[in-house]
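Heads up: the structure comes next, in structure tokens.
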Protein chains: 2
Amino acid sequence: MIRRSLVCLLACVVAAMTLPAQSALMPQPAHVTPASGQLVVDAGFRVALTGYTEPRLTAAKDRFLATLSKQTGLIFAPDAPATATLTIKTTAASAPVQQIGEDESYHLAVTATGAEITAPNPLGALHGLQTFLQLVRTTPAGFAAPAVTIDDAPRFAWRGLMIDSGRHFQPIPVIERNIDGMEAVKLNVFHWHLSEDQGFRIESRTFPLLHQKGSNGLYYTQDEVKHVLSYARDRGIRVVPEFDMPCHTTAWFVGYPDLASGKGPYAIQTRWGVFDPGMDPTRESTFQFLDKFIGEMTALFPDAYFHVGGDECNGKEWDANPRIQAYIKDHNLKDNAGLQAYFTGRVQKLVTAHHKITVGWDEVLQPTTPRDVVIQSWRGPKGLADAARQGNRVLLSNGYYIDLNQPASEHYLVDPLGGDAATLTPEQQALVLGGEATMWSEFVTPEIIDSRIWPRTAAIAERFWSPASVRDVDSMYARLEPVSEKLEAVGLTHRSFTRPMLERMSTNPDALATLASAVQPPLGYQREELKEFGTASALNHLVDAISPESETVRLFAAAVARITAGSATPADWTHARTQLVEWRDCEGHLKSSFSSSDLTAELAPVANDLTVVATIGLQALDDLKNQRTPSPAIAQASLGFLKEAEKPKAVLRNMAVPAVVELVQASLKH
Amino acid sequence: MIRRSLVCLLACVVAAMTLPAQSALMPQPAHVTPASGQLVVDAGFRVALTGYTEPRLTAAKDRFLATLSKQTGLIFAPDAPATATLTIKTTAASAPVQQIGEDESYHLAVTATGAEITAPNPLGALHGLQTFLQLVRTTPAGFAAPAVTIDDAPRFAWRGLMIDSGRHFQPIPVIERNIDGMEAVKLNVFHWHLSEDQGFRIESRTFPLLHQKGSNGLYYTQDEVKHVLSYARDRGIRVVPEFDMPCHTTAWFVGYPDLASGKGPYAIQTRWGVFDPGMDPTRESTFQFLDKFIGEMTALFPDAYFHVGGDECNGKEWDANPRIQAYIKDHNLKDNAGLQAYFTGRVQKLVTAHHKITVGWDEVLQPTTPRDVVIQSWRGPKGLADAARQGNRVLLSNGYYIDLNQPASEHYLVDPLGGDAATLTPEQQALVLGGEATMWSEFVTPEIIDSRIWPRTAAIAERFWSPASVRDVDSMYARLEPVSEKLEAVGLTHRSFTRPMLERMSTNPDALATLASAVQPPLGYQREELKEFGTASALNHLVDAISPESETVRLFAAAVARITAGSATPADWTHARTQLVEWRDCEGHLKSSFSSSDLTAELAPVANDLTVVATIGLQALDDLKNQRTPSPAIAQASLGFLKEAEKPKAVLRNMAVPAVVELVQASLKH
């Protein structure tokens with residue numbers, strides 16, 4: 001039985017590849033059966049709801065038509081349909097508060113004469129609508145969706161995106177448009193990181209000094225939060241709030257210093273990093289405060305889960321406080337880790353008393369941790385497997401840190417059931433609820449944040465939704481680009497943000513765009529290592545204005561790979577040459593303008609490197625074309641230069657280098 | 001005295017030209033005195049309000065900082081300033097309802113150590129803040145405003161933009177961002193065209209069938225209108241509503257057919273054009289209805305002026321109604337024009353009874369029209385002069401029809417006191433209040449509309465604000481480009497709208513952008529003449545995705561002009577050649593993709609033309625460079641082809657043609 005469905009899965013996925021290229025689906029549905037023909041989408045397109053209905057479905061229908069209109073430029077008359085083009089049949093209501101593991105399946109059938117979405121509840125209908133939007137593309141007959149039958153349901157029940165509103169506050173419109181992006185790729189949990197050393201970002205009516213003194217005025221009112229909750233529910237998305245404790249809590253202490261383990265007074269942190277302040281677990285008043293606070297917040301957020309953080313306690317305030325050290329000794333807590341375990345245990349009981357389930361980062365896991373606590377693994381795959389072996393439910397975030405500027409392919413191949421988790425028993429694997437992409441906000445303002453989340457998070461969303469067998473990187477990239485285009489139609493700015501930033505940097509934004517196409521931001525935490533940053537640092541340099549992954553570079557590298565493998569088409573040769581010429585020449589266009597702005601002065605060596613790298617690449621391309629072996633001395637000098645050029649300048653990585661190295665090495669083989 | 005101030009004006013304007021190029025001011029202030037040095041704008045930049053203050057000024061300060069942050073990427077801490085970088089000194093309040101002719105002057109002084117705006121009231125302070133935003137640009141020392149002293153006040157008191165929400169409904173965010181754009185270029189009247197044959201766009205609580213049956217559900221609620229009124233007042237902008245009558249009123253009649261002169265029933269018009277339905281001026285019930293309706297709307301809109309339209313009555317319903325013809329005869333009204341004059345007279349009395357001043361289009365002017373009616377001239381400059389001679393106050397819109405796709409230079413040189421108005425006496429000229437750019441919405445959806453308004457309306461705003469002597473077209477264009485960039489920072493989408501539209505049209509948006517850079521939409525009403533359009537027509541073709549004026553073409557033509565005049569630099573030659581090569585080659589990149597979409601299939605002949613035009617241009621450029629005279633036969637063939645290529649294809653004008661014709665003709669002179 002298992003074998004048979006596996007065969008079916010593979011066959012269906014292969015068949016899906018035959019959908020028209022622009023009808024890119026991401027996440028790839030579980031079962032796709034293409035048919036012949038297509039459904040034309042024109043101004044007469046109409047949608048009807050049948051069966052069970054509710055305001056959320058009507059709103060979803062209107063939003064669907066608005067997005068379809070943005071995607072196509074078609075204007076759909078708002079009048080009632082005579083005969084619907086797309087019919088949505090929903091059986092019954094979903095839970096009043098969205099539950100983990102609710103049925104999210106749907107069936108979508110498109111024929112030349114109409115389309116139908118059937119779903120057991122509104123959640124599936126919402127997903128089906130997003131799939132239909134991805135199917136629509138331009139054709140010689142106008143916009144159309146290809147005929148197809150889709151049966152779809154998610155692999156994991158918890159498919160999240162975390163946004164850190166603490167370090168850089170992200171206004172409500174940013175949250176809204178990212179929730180729209182989540183809906184488009186069928187993510188279903190918005191994990192809202194609401195407190196940090198640099199800011200306490202939500203209004204507390206019980207303890208108003210939290211937001212009044214801890215946020216510099218940048219916080220969400222409870223009315224705004226309620227709006228986001230309803231906005232997310234409308235889109236089939238749960239909202240799990242996180243209040244990180246006992247550390248990452250400096251901003252709490254500005255208004256309530258008695259919560260802290262140190263002497264105070266405290267000020268909001270203005271730099272990035274791990275700081276010393278931590279809550280005092282030895283005083284009952286701390287838990288009395290937290291009881292009231294958790295009571296207020298659990299009443300506001302309807303979700304069954306409540307995240308209490310728990311990461312990165314350096315324990316320095318505890319070490320420095322003799323009373324706390326005495327407490328550890330008196331209560332046989334052993335060390336600071338023991339003290340934190342005690343704290344977490346107390347907090348977990350408070351959360352339970354308020355009828356919620358606790359979620360925490362890796363560090364909260366202790367042998368004594370109750371089985372119902374969900375562990376979010378960020379430090380490594382081992383933490384996830386350990387927690388599952390201990391019987392706790394788990395979420396994977398390690399490997400999905402989208403703030404670290406890795407390529408989509410790397411995130412894509414990380415599987416919640418891969419690595420150490422592959423060794424779990426089926427029962428233990430069933431404890432793996434899914435995962436979350438995490439957008440930590442040290443280096444993202446509202447202007448930049450979309451580009452750090454999208455489109456790469458669409459690839460992660462596919463990992464969480466699609467069958468485990470869907471892991472072809474080339475197919476993913478081929479679909480990622482059209483999906484990325486459509487994500488701008490729902491309001492995200494991950495593509496359009498670049499141009500205005502280049503325009504304010506330079507009087508020659510076109511040439512700067514060429515330079516930008518060759519570079520990427522540094523990986524991991526390199527940027528912080530290069531220079532101290534904080535809340536007042538301007539993020540307006542070229543490194544901030546580019547995507548973590550350059551599509552230009554990816555396509556160039558692919559053409560080069562085919563050239564060196566001997567499988568290139570004439571178009572590949574032309575592509576590689578044209579790109580190298582463009583890169584080689586951009587320094588000439590930019591040279592005179594670099595010094596006119598402090599934002600571009602640092603780019604002179606970057607552009608100079610690019611000229612040399614591209615010239616080397618062109619020489620190697622010529623050698624390869626003419627089957628001419630270069631002088632070994634010159635090749636050695638070139639490779640030496642390329643090695644140096646790989647090092648970041650102006651915190652930018654020159655991504656033309658690896659493919660040019662490949663060209664030079666290939667030319668040496670003749 | 002007049003002579004002396006004129007000399008000063010000219011001197012100051014010349015001096016203004018020495019401001020750094022990126023500190024482009026538009027409208028050009030009345031008096032600009034540049035100094036040496038500059039004020040650096042960094043994260044420590046602070047603004048303080050002194051003297052008279054009110055919530056509007058605090059909001060303006062916050063909005064100013066938000067825009068400055070968007071322009072620069074700098075993050076300004078929200079805490080209270082220790083010492084302010086920019087101080088705003090306001091003397092007293094402005095009128096509770098903004099009045100025409102209120103003092104809008106301000107004084108702005110920038111030195112290396114600080115800046116100060118002084119203004120008699122908040123209106124001037126608002127304008128001063130916008131001027132400061134335009135001064136800020138990138139420098140080697142970071143963002144900075146050049147040292148300067150500015151004394152500024154507008155030339156005309158009524159500086160308007162009309163938006164037609166009737167034909168294509170424009171949602172509130174569109175209205176908001178265009179009001180932001182108006183503030184940026186110191187326009188002060190938003191003329192809101194709220195009813196049309198194709199839609200009645202505002203909630204009426206007195207006559208709810210107006211919006212319920214006349215809008216297809218696309219209308220503004222009164223709460224939304226109130227929000228816009230307050231939004232506009234915050235930005236120093238009056239809102240004048242227009243309810244066009246007795247014609248352009250089909251949408252009224254769907255709910256209230258008794259208002260009409262025909263038999264009905266009526267349906268909302270779905271095509272563009274001039275339609276037959278008109279109100280029945282012979283029934284007292286019509287005026288009883290209008291009395292109540294005008295009462296409701298004048299209570300909602302606080303402005304002293306109320307626009308009743310009055311344009312384009314074809315009189316066909318009146319002709320067809322024997323009772324109406326009898327009424328004309330019985331009351332000695334002579335003809336339909338007489339009937340309309342009678343109607344307008346009655347409506348004007350109702351408006352007066354509700355304590356407002358009537359504004360109407362040209363057609364409402366009759367010998368008997370009361371002196372306090374303001375005439376908005378759209379049919380020609382003669383109408384304006386005639387009305388002023390008759391003693392009525394006037395507004396010029398003829399020449400500012402931004403829906404007709406004319407270049408900015410043409411609008412720019414139209415002066416409310418030019419043409420026929422130049423022959424008026426000083427007393428009559430004083431009746432010219434100013435003018436309005438008019439955005440009729442046959443061919444603009446929310447996606448497109450910004451590009452039809454901006455940046456050209458900034459040039460019109462300069463005409464209304466700056467001294468009459470400011471009319472150097474080259475200077476205007478040199479400033480228009482940086483101002484256009486900054487207008488996107490306030491939220492307008494006139495530049496960014498193109499890319500997503502090209503992406504949905506073609507799999508090769510880069511090459512399509514090259515083709516797009518060579519073409520412009522047709523002038524005037526040509527598009528309607530080529531094909532029938534209406535409310536359901538999709539505006540998603542290339543003609544919709546481009547700006548009315550191509551900056552690429554303008555720069556190319558300027559280089560060509562210098563080449564043929566013998567004053568070109570080497571950079572001009574390179575520029576012209578590079579551009580022509582790019583245009584010549586784009587067909588090759590696009591060819592294979594044209595047929596894959598019905599949106600691009602029509603572009604094959606456009607691209608083919610461009611290839612031939614560019615090839616001819618390159619040949620002529622070579623001939624000129626080498627001082628070689630071409631074969632007369634070939635030149636003749638080329639010119640013949642160019643003449644044909646000037647005709648629109650796919651409703652696109654090939655704008656490369658005129659400059660290439662210039663090149664060929666110059667080459668023949670050797």
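Identifiers in the structure tokens: chain A, B, ... in order shown; residue index from 1 per chain; ligand index from 1 in order shown.
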
**Prompt:** What are the residues of chain A that have an atom within 7 Å of an atom of chain B, counting only C-alpha atoms, as a list in words?
**Reply:**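 Close to chain B, chain A has Ala43, Thr72, Gly73, Leu74, Ile75, Pro78, Asp79, Thr138, Thr139, Pro140, Ala141, Gly142, Asn216, Ser496, Arg504, Met505, Ala536, Ala538, Leu539, Asn540, Ser595, Ser596, Ser597 and Asp598 of chain A.
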
**Item:** Who sits within 9 Å of segment 256-270 of chain A, only C-alpha atoms, same chain under 6 positions skipped, as a PyMOL selection string
**Value:** chain A and resi 167+196-199+207+209-210+213-216+249-250+276-283+285-286+289+317-318+320-321+324+533-536

Would you save the residues from that selection as a compact mmCIF listing (two decimals), in the first residue's frame, using N, CA, C and O atoms?
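Saved as part00.txt:
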```txt
# COMPACT_ATOMS: atom_id res chain seq x y z
N ARG A 167 14.02 43.90 17.29
CA ARG A 167 15.27 44.63 16.98
C ARG A 167 15.00 45.80 16.04
O ARG A 167 15.42 46.91 16.31
N GLU A 196 12.29 42.07 22.80
CA GLU A 196 13.73 41.89 22.65
C GLU A 196 14.46 42.88 23.54
O GLU A 196 13.86 43.79 24.10
N ASP A 197 15.78 42.71 23.65
CA ASP A 197 16.60 43.69 24.38
C ASP A 197 16.42 45.09 23.80
O ASP A 197 16.51 46.07 24.52
N GLN A 198 16.15 45.16 22.49
CA GLN A 198 16.08 46.47 21.82
C GLN A 198 14.67 47.04 21.77
O GLN A 198 14.47 48.14 21.24
N GLY A 199 13.67 46.30 22.26
CA GLY A 199 12.34 46.88 22.22
C GLY A 199 11.25 45.92 22.68
O GLY A 199 11.26 44.75 22.33
N PHE A 207 0.64 46.18 32.47
CA PHE A 207 1.93 46.76 32.83
C PHE A 207 2.36 47.75 31.74
O PHE A 207 3.24 47.47 30.94
N LEU A 209 4.16 50.30 31.55
CA LEU A 209 5.54 50.79 31.39
C LEU A 209 6.35 49.89 30.46
O LEU A 209 7.41 50.30 29.97
N LEU A 210 5.85 48.68 30.23
CA LEU A 210 6.55 47.79 29.31
C LEU A 210 6.70 48.45 27.93
O LEU A 210 7.80 48.56 27.40
N LYS A 213 7.97 52.61 28.27
CA LYS A 213 9.39 52.88 28.48
C LYS A 213 10.30 51.96 27.68
O LYS A 213 11.50 52.22 27.58
N GLY A 214 9.73 50.89 27.15
CA GLY A 214 10.59 49.87 26.53
C GLY A 214 10.57 49.85 25.01
O GLY A 214 11.12 48.92 24.40
N SER A 215 9.96 50.86 24.37
CA SER A 215 9.79 50.73 22.91
C SER A 215 10.19 51.95 22.11
O SER A 215 10.07 51.93 20.89
N ASN A 216 10.62 53.04 22.77
CA ASN A 216 10.85 54.29 22.03
C ASN A 216 9.62 54.71 21.22
O ASN A 216 9.73 55.32 20.15
N THR A 249 15.68 40.40 27.51
CA THR A 249 14.57 41.09 28.20
C THR A 249 14.93 42.49 28.70
O THR A 249 14.19 43.06 29.50
N THR A 250 16.04 43.04 28.22
CA THR A 250 16.44 44.37 28.73
C THR A 250 15.30 45.38 28.64
O THR A 250 15.08 46.16 29.57
N ASP A 276 23.74 40.87 28.97
CA ASP A 276 23.76 40.24 30.29
C ASP A 276 22.43 40.23 31.03
O ASP A 276 22.14 39.27 31.76
N PRO A 277 21.59 41.26 30.89
CA PRO A 277 20.39 41.29 31.75
C PRO A 277 19.48 40.06 31.60
O PRO A 277 19.29 39.55 30.49
N GLY A 278 18.96 39.61 32.71
CA GLY A 278 18.05 38.46 32.72
C GLY A 278 17.08 38.60 33.89
O GLY A 278 17.38 39.30 34.88
N MET A 279 15.92 37.97 33.77
CA MET A 279 14.95 38.05 34.87
C MET A 279 15.49 37.36 36.11
O MET A 279 16.32 36.45 36.03
N ASP A 280 14.96 37.77 37.23
CA ASP A 280 15.36 37.18 38.50
C ASP A 280 14.39 36.05 38.85
O ASP A 280 13.26 36.29 39.27
N PRO A 281 14.83 34.77 38.72
CA PRO A 281 13.92 33.65 38.98
C PRO A 281 13.78 33.34 40.46
O PRO A 281 13.07 32.41 40.82
N THR A 282 14.49 34.10 41.27
CA THR A 282 14.51 33.74 42.69
C THR A 282 13.44 34.49 43.48
O THR A 282 13.22 34.19 44.65
N ARG A 283 12.80 35.46 42.86
CA ARG A 283 11.79 36.23 43.61
C ARG A 283 10.38 35.85 43.17
O ARG A 283 10.10 35.77 41.97
N SER A 285 7.90 37.67 43.26
CA SER A 285 7.27 38.80 42.56
C SER A 285 7.44 38.68 41.04
O SER A 285 6.59 39.12 40.28
N THR A 286 8.55 38.06 40.61
CA THR A 286 8.75 37.86 39.17
C THR A 286 7.62 37.01 38.60
O THR A 286 7.03 37.33 37.55
N PHE A 289 4.25 38.76 38.58
CA PHE A 289 4.20 39.66 37.42
C PHE A 289 3.89 38.84 36.16
O PHE A 289 2.98 39.17 35.39
N GLU A 317 24.40 38.21 34.82
CA GLU A 317 23.74 38.91 35.94
C GLU A 317 23.50 37.96 37.11
O GLU A 317 23.53 38.38 38.26
N TRP A 318 23.22 36.71 36.78
CA TRP A 318 23.03 35.73 37.86
C TRP A 318 24.34 35.50 38.60
O TRP A 318 24.36 35.42 39.83
N ALA A 320 26.69 37.54 38.97
CA ALA A 320 27.12 38.74 39.71
C ALA A 320 26.25 39.02 40.94
O ALA A 320 26.53 39.93 41.72
N ASN A 321 25.17 38.26 41.10
CA ASN A 321 24.23 38.55 42.18
C ASN A 321 24.36 37.45 43.26
O ASN A 321 23.91 36.32 43.07
N ILE A 324 21.28 35.45 44.23
CA ILE A 324 20.85 34.44 43.26
C ILE A 324 21.75 33.20 43.34
O ILE A 324 21.27 32.06 43.32
N PHE A 533 27.22 47.32 14.64
CA PHE A 533 25.96 47.88 14.18
C PHE A 533 24.98 48.00 15.33
O PHE A 533 25.12 47.33 16.35
N GLY A 534 23.94 48.80 15.12
CA GLY A 534 22.91 48.91 16.14
C GLY A 534 21.64 49.51 15.59
O GLY A 534 21.48 49.65 14.37
N THR A 535 20.76 49.87 16.51
CA THR A 535 19.44 50.31 16.08
C THR A 535 19.47 51.59 15.26
O THR A 535 18.55 51.87 14.51
N ALA A 536 20.53 52.42 15.40
CA ALA A 536 20.57 53.69 14.66
C ALA A 536 21.38 53.59 13.38
O ALA A 536 21.47 54.56 12.63
```

**Prompt:** Can you tell me, as a list in words, what residues are no more than 9 Å from Ser204 of chain B when counting only C-alpha atoms, ignoring any on the same chain fewer than 2 positions away?
**Reply:**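 Listed by chain and then number, they are Ile202, Thr206, Phe207, Pro208, Leu209, Leu210, His211, Gln212, Thr221, Gln222, Phe293, Glu296 and Met297 of chain B.
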
**Item:** Within 12 Å of Ile634 of chain A using only C-alpha atoms, minus same-chain residues under 6 positions, as a PyMOL selection string
**Value:** chain A and resi 616+619-620+640-641+664+667-668

Those same residues, written as an mmCIF file, in the first residue's frame with N, CA and C atoms?
```cif
data_model
loop_
_atom_site.group_PDB
_atom_site.id
_atom_site.type_symbol
_atom_site.label_atom_id
_atom_site.label_comp_id
_atom_site.auth_asym_id
_atom_site.auth_seq_id
_atom_site.Cartn_x
_atom_site.Cartn_y
_atom_site.Cartn_z
ATOM 1 N N ILE A 616 39.122 38.444 -17.101
ATOM 2 C CA ILE A 616 39.690 37.086 -17.011
ATOM 3 C C ILE A 616 38.697 36.072 -17.571
ATOM 4 N N GLN A 619 38.601 36.175 -21.357
ATOM 5 C CA GLN A 619 39.794 35.541 -21.919
ATOM 6 C C GLN A 619 39.630 34.022 -21.888
ATOM 7 N N ALA A 620 39.163 33.504 -20.753
ATOM 8 C CA ALA A 620 38.995 32.053 -20.619
ATOM 9 C C ALA A 620 37.921 31.544 -21.578
ATOM 10 N N GLY A 640 45.148 33.384 -8.979
ATOM 11 C CA GLY A 640 45.575 34.082 -7.758
ATOM 12 C C GLY A 640 44.726 35.312 -7.505
ATOM 13 N N PHE A 641 44.480 36.066 -8.576
ATOM 14 C CA PHE A 641 43.647 37.253 -8.418
ATOM 15 C C PHE A 641 42.235 36.864 -7.997
ATOM 16 N N VAL A 664 38.328 29.343 -16.107
ATOM 17 C CA VAL A 664 39.787 29.319 -16.229
ATOM 18 C C VAL A 664 40.293 27.886 -16.087
ATOM 19 N N SER A 667 39.612 25.974 -19.139
ATOM 20 C CA SER A 667 40.471 26.353 -20.273
ATOM 21 C C SER A 667 41.855 25.711 -20.148
ATOM 22 N N LEU A 668 42.281 25.450 -18.910
ATOM 23 C CA LEU A 668 43.596 24.833 -18.694
ATOM 24 C C LEU A 668 43.614 23.370 -19.124
#
```

**Message:** Can you tell me, as a ChimeraX atom specification, which residues in segment 379-600 of chain B count as helix (DSSP H, G or I) by DSSP?
**Reply:** /B:381-389,402-404,408-413,419-423,426-429,449-453,456-465,473-489,498-505,509-516,526-530,542-545,551-564,570-594

**Request:** Find the residues near Ser94 of chain B: any atom within 12 Å, counting only C-alpha atoms, skip ones fewer than 4 places away on the same chain, and give them as an MDAnalysis selection string.
**Result:** chainID B and resid 52:54 56:57 90 98:105 119:126 233:234 236

Suppose we keep N, CA, C and O atoms; can you now write the selection as an mmCIF file, in the first residue's frame?
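Output file out31.cif is given in full below:
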```cif
data_model
loop_
_atom_site.group_PDB
_atom_site.id
_atom_site.type_symbol
_atom_site.label_atom_id
_atom_site.label_comp_id
_atom_site.auth_asym_id
_atom_site.auth_seq_id
_atom_site.Cartn_x
_atom_site.Cartn_y
_atom_site.Cartn_z
ATOM 1 N N TYR B 52 3.739 79.292 17.371
ATOM 2 C CA TYR B 52 2.419 78.670 17.306
ATOM 3 C C TYR B 52 2.548 77.225 16.842
ATOM 4 O O TYR B 52 3.297 76.930 15.920
ATOM 5 N N THR B 53 1.815 76.332 17.485
ATOM 6 C CA THR B 53 1.815 74.955 16.993
ATOM 7 C C THR B 53 0.427 74.345 17.112
ATOM 8 O O THR B 53 -0.449 74.873 17.797
ATOM 9 N N GLU B 54 0.205 73.253 16.402
ATOM 10 C CA GLU B 54 -1.087 72.563 16.401
ATOM 11 C C GLU B 54 -0.821 71.127 15.956
ATOM 12 O O GLU B 54 0.263 70.831 15.423
ATOM 13 N N ARG B 56 -1.638 69.462 13.461
ATOM 14 C CA ARG B 56 -1.261 69.337 12.059
ATOM 15 C C ARG B 56 0.240 69.535 11.852
ATOM 16 O O ARG B 56 0.850 68.860 11.020
ATOM 17 N N LEU B 57 0.831 70.438 12.617
ATOM 18 C CA LEU B 57 2.271 70.678 12.478
ATOM 19 C C LEU B 57 3.080 69.523 13.047
ATOM 20 O O LEU B 57 4.092 69.116 12.481
ATOM 21 N N THR B 90 6.458 79.037 13.515
ATOM 22 C CA THR B 90 5.191 79.425 12.912
ATOM 23 C C THR B 90 4.571 80.506 13.776
ATOM 24 O O THR B 90 4.611 80.427 15.007
ATOM 25 N N GLN B 98 -9.481 75.941 5.054
ATOM 26 C CA GLN B 98 -8.476 76.617 4.218
ATOM 27 C C GLN B 98 -9.142 77.500 3.164
ATOM 28 O O GLN B 98 -10.026 77.059 2.435
ATOM 29 N N GLN B 99 -8.685 78.769 3.115
ATOM 30 C CA GLN B 99 -9.288 79.744 2.211
ATOM 31 C C GLN B 99 -8.413 79.970 0.996
ATOM 32 O O GLN B 99 -7.193 79.895 1.084
ATOM 33 N N ILE B 100 -9.041 80.310 -0.111
ATOM 34 C CA ILE B 100 -8.272 80.707 -1.271
ATOM 35 C C ILE B 100 -7.587 82.037 -0.959
ATOM 36 O O ILE B 100 -8.197 82.931 -0.362
ATOM 37 N N GLY B 101 -6.313 82.130 -1.304
ATOM 38 C CA GLY B 101 -5.583 83.376 -1.093
ATOM 39 C C GLY B 101 -4.968 83.522 0.287
ATOM 40 O O GLY B 101 -4.370 84.555 0.592
ATOM 41 N N GLU B 102 -5.091 82.516 1.114
ATOM 42 C CA GLU B 102 -4.378 82.590 2.406
ATOM 43 C C GLU B 102 -2.882 82.684 2.159
ATOM 44 O O GLU B 102 -2.373 82.150 1.180
ATOM 45 N N ASP B 103 -2.200 83.318 3.082
ATOM 46 C CA ASP B 103 -0.747 83.455 2.979
ATOM 47 C C ASP B 103 -0.101 82.068 3.006
ATOM 48 O O ASP B 103 -0.295 81.320 3.957
ATOM 49 N N GLU B 104 0.648 81.731 1.956
ATOM 50 C CA GLU B 104 1.324 80.422 1.926
ATOM 51 C C GLU B 104 2.842 80.596 1.939
ATOM 52 O O GLU B 104 3.576 79.659 1.631
ATOM 53 N N SER B 105 3.310 81.785 2.271
ATOM 54 C CA SER B 105 4.743 82.063 2.162
ATOM 55 C C SER B 105 5.541 81.412 3.278
ATOM 56 O O SER B 105 5.010 81.056 4.326
ATOM 57 N N ALA B 119 7.395 80.876 9.056
ATOM 58 C CA ALA B 119 6.202 81.026 8.234
ATOM 59 C C ALA B 119 5.118 81.698 9.058
ATOM 60 O O ALA B 119 5.032 81.474 10.271
ATOM 61 N N PRO B 120 4.289 82.507 8.409
ATOM 62 C CA PRO B 120 3.220 83.176 9.158
ATOM 63 C C PRO B 120 2.165 82.196 9.669
ATOM 64 O O PRO B 120 1.498 82.492 10.661
ATOM 65 N N ASN B 121 2.027 81.062 9.017
ATOM 66 C CA ASN B 121 1.021 80.094 9.455
ATOM 67 C C ASN B 121 1.423 78.690 8.998
ATOM 68 O O ASN B 121 2.399 78.540 8.254
ATOM 69 N N PRO B 122 0.698 77.662 9.409
ATOM 70 C CA PRO B 122 1.119 76.292 9.080
ATOM 71 C C PRO B 122 1.244 76.023 7.579
ATOM 72 O O PRO B 122 2.052 75.180 7.175
ATOM 73 N N LEU B 123 0.468 76.699 6.737
ATOM 74 C CA LEU B 123 0.542 76.432 5.303
ATOM 75 C C LEU B 123 1.950 76.669 4.775
ATOM 76 O O LEU B 123 2.504 75.850 4.037
ATOM 77 N N GLY B 124 2.547 77.785 5.182
ATOM 78 C CA GLY B 124 3.904 78.080 4.746
ATOM 79 C C GLY B 124 4.903 77.088 5.313
ATOM 80 O O GLY B 124 5.831 76.659 4.621
ATOM 81 N N ALA B 125 4.699 76.696 6.568
ATOM 82 C CA ALA B 125 5.610 75.726 7.185
ATOM 83 C C ALA B 125 5.586 74.408 6.417
ATOM 84 O O ALA B 125 6.628 73.794 6.172
ATOM 85 N N LEU B 126 4.380 73.969 6.014
ATOM 86 C CA LEU B 126 4.260 72.739 5.227
ATOM 87 C C LEU B 126 5.066 72.853 3.932
ATOM 88 O O LEU B 126 5.799 71.937 3.548
ATOM 89 N N ARG B 233 -6.381 68.312 4.383
ATOM 90 C CA ARG B 233 -6.145 69.517 5.202
ATOM 91 C C ARG B 233 -4.805 69.438 5.910
ATOM 92 O O ARG B 233 -4.076 70.419 5.989
ATOM 93 N N ASP B 234 -4.460 68.242 6.401
ATOM 94 C CA ASP B 234 -3.155 68.054 7.045
ATOM 95 C C ASP B 234 -2.016 68.456 6.120
ATOM 96 O O ASP B 234 -0.930 68.801 6.581
ATOM 97 N N GLY B 236 -2.230 70.836 3.692
ATOM 98 C CA GLY B 236 -2.418 72.165 3.111
ATOM 99 C C GLY B 236 -3.178 72.140 1.801
ATOM 100 O O GLY B 236 -2.933 72.968 0.920
#
```

**Nearest to Gln134 of chain A by atom-to-atom distance, counting only C-alpha atoms, from A:Arg201, A:Arg235, A:His355, A:Lys186** = A:Lys186
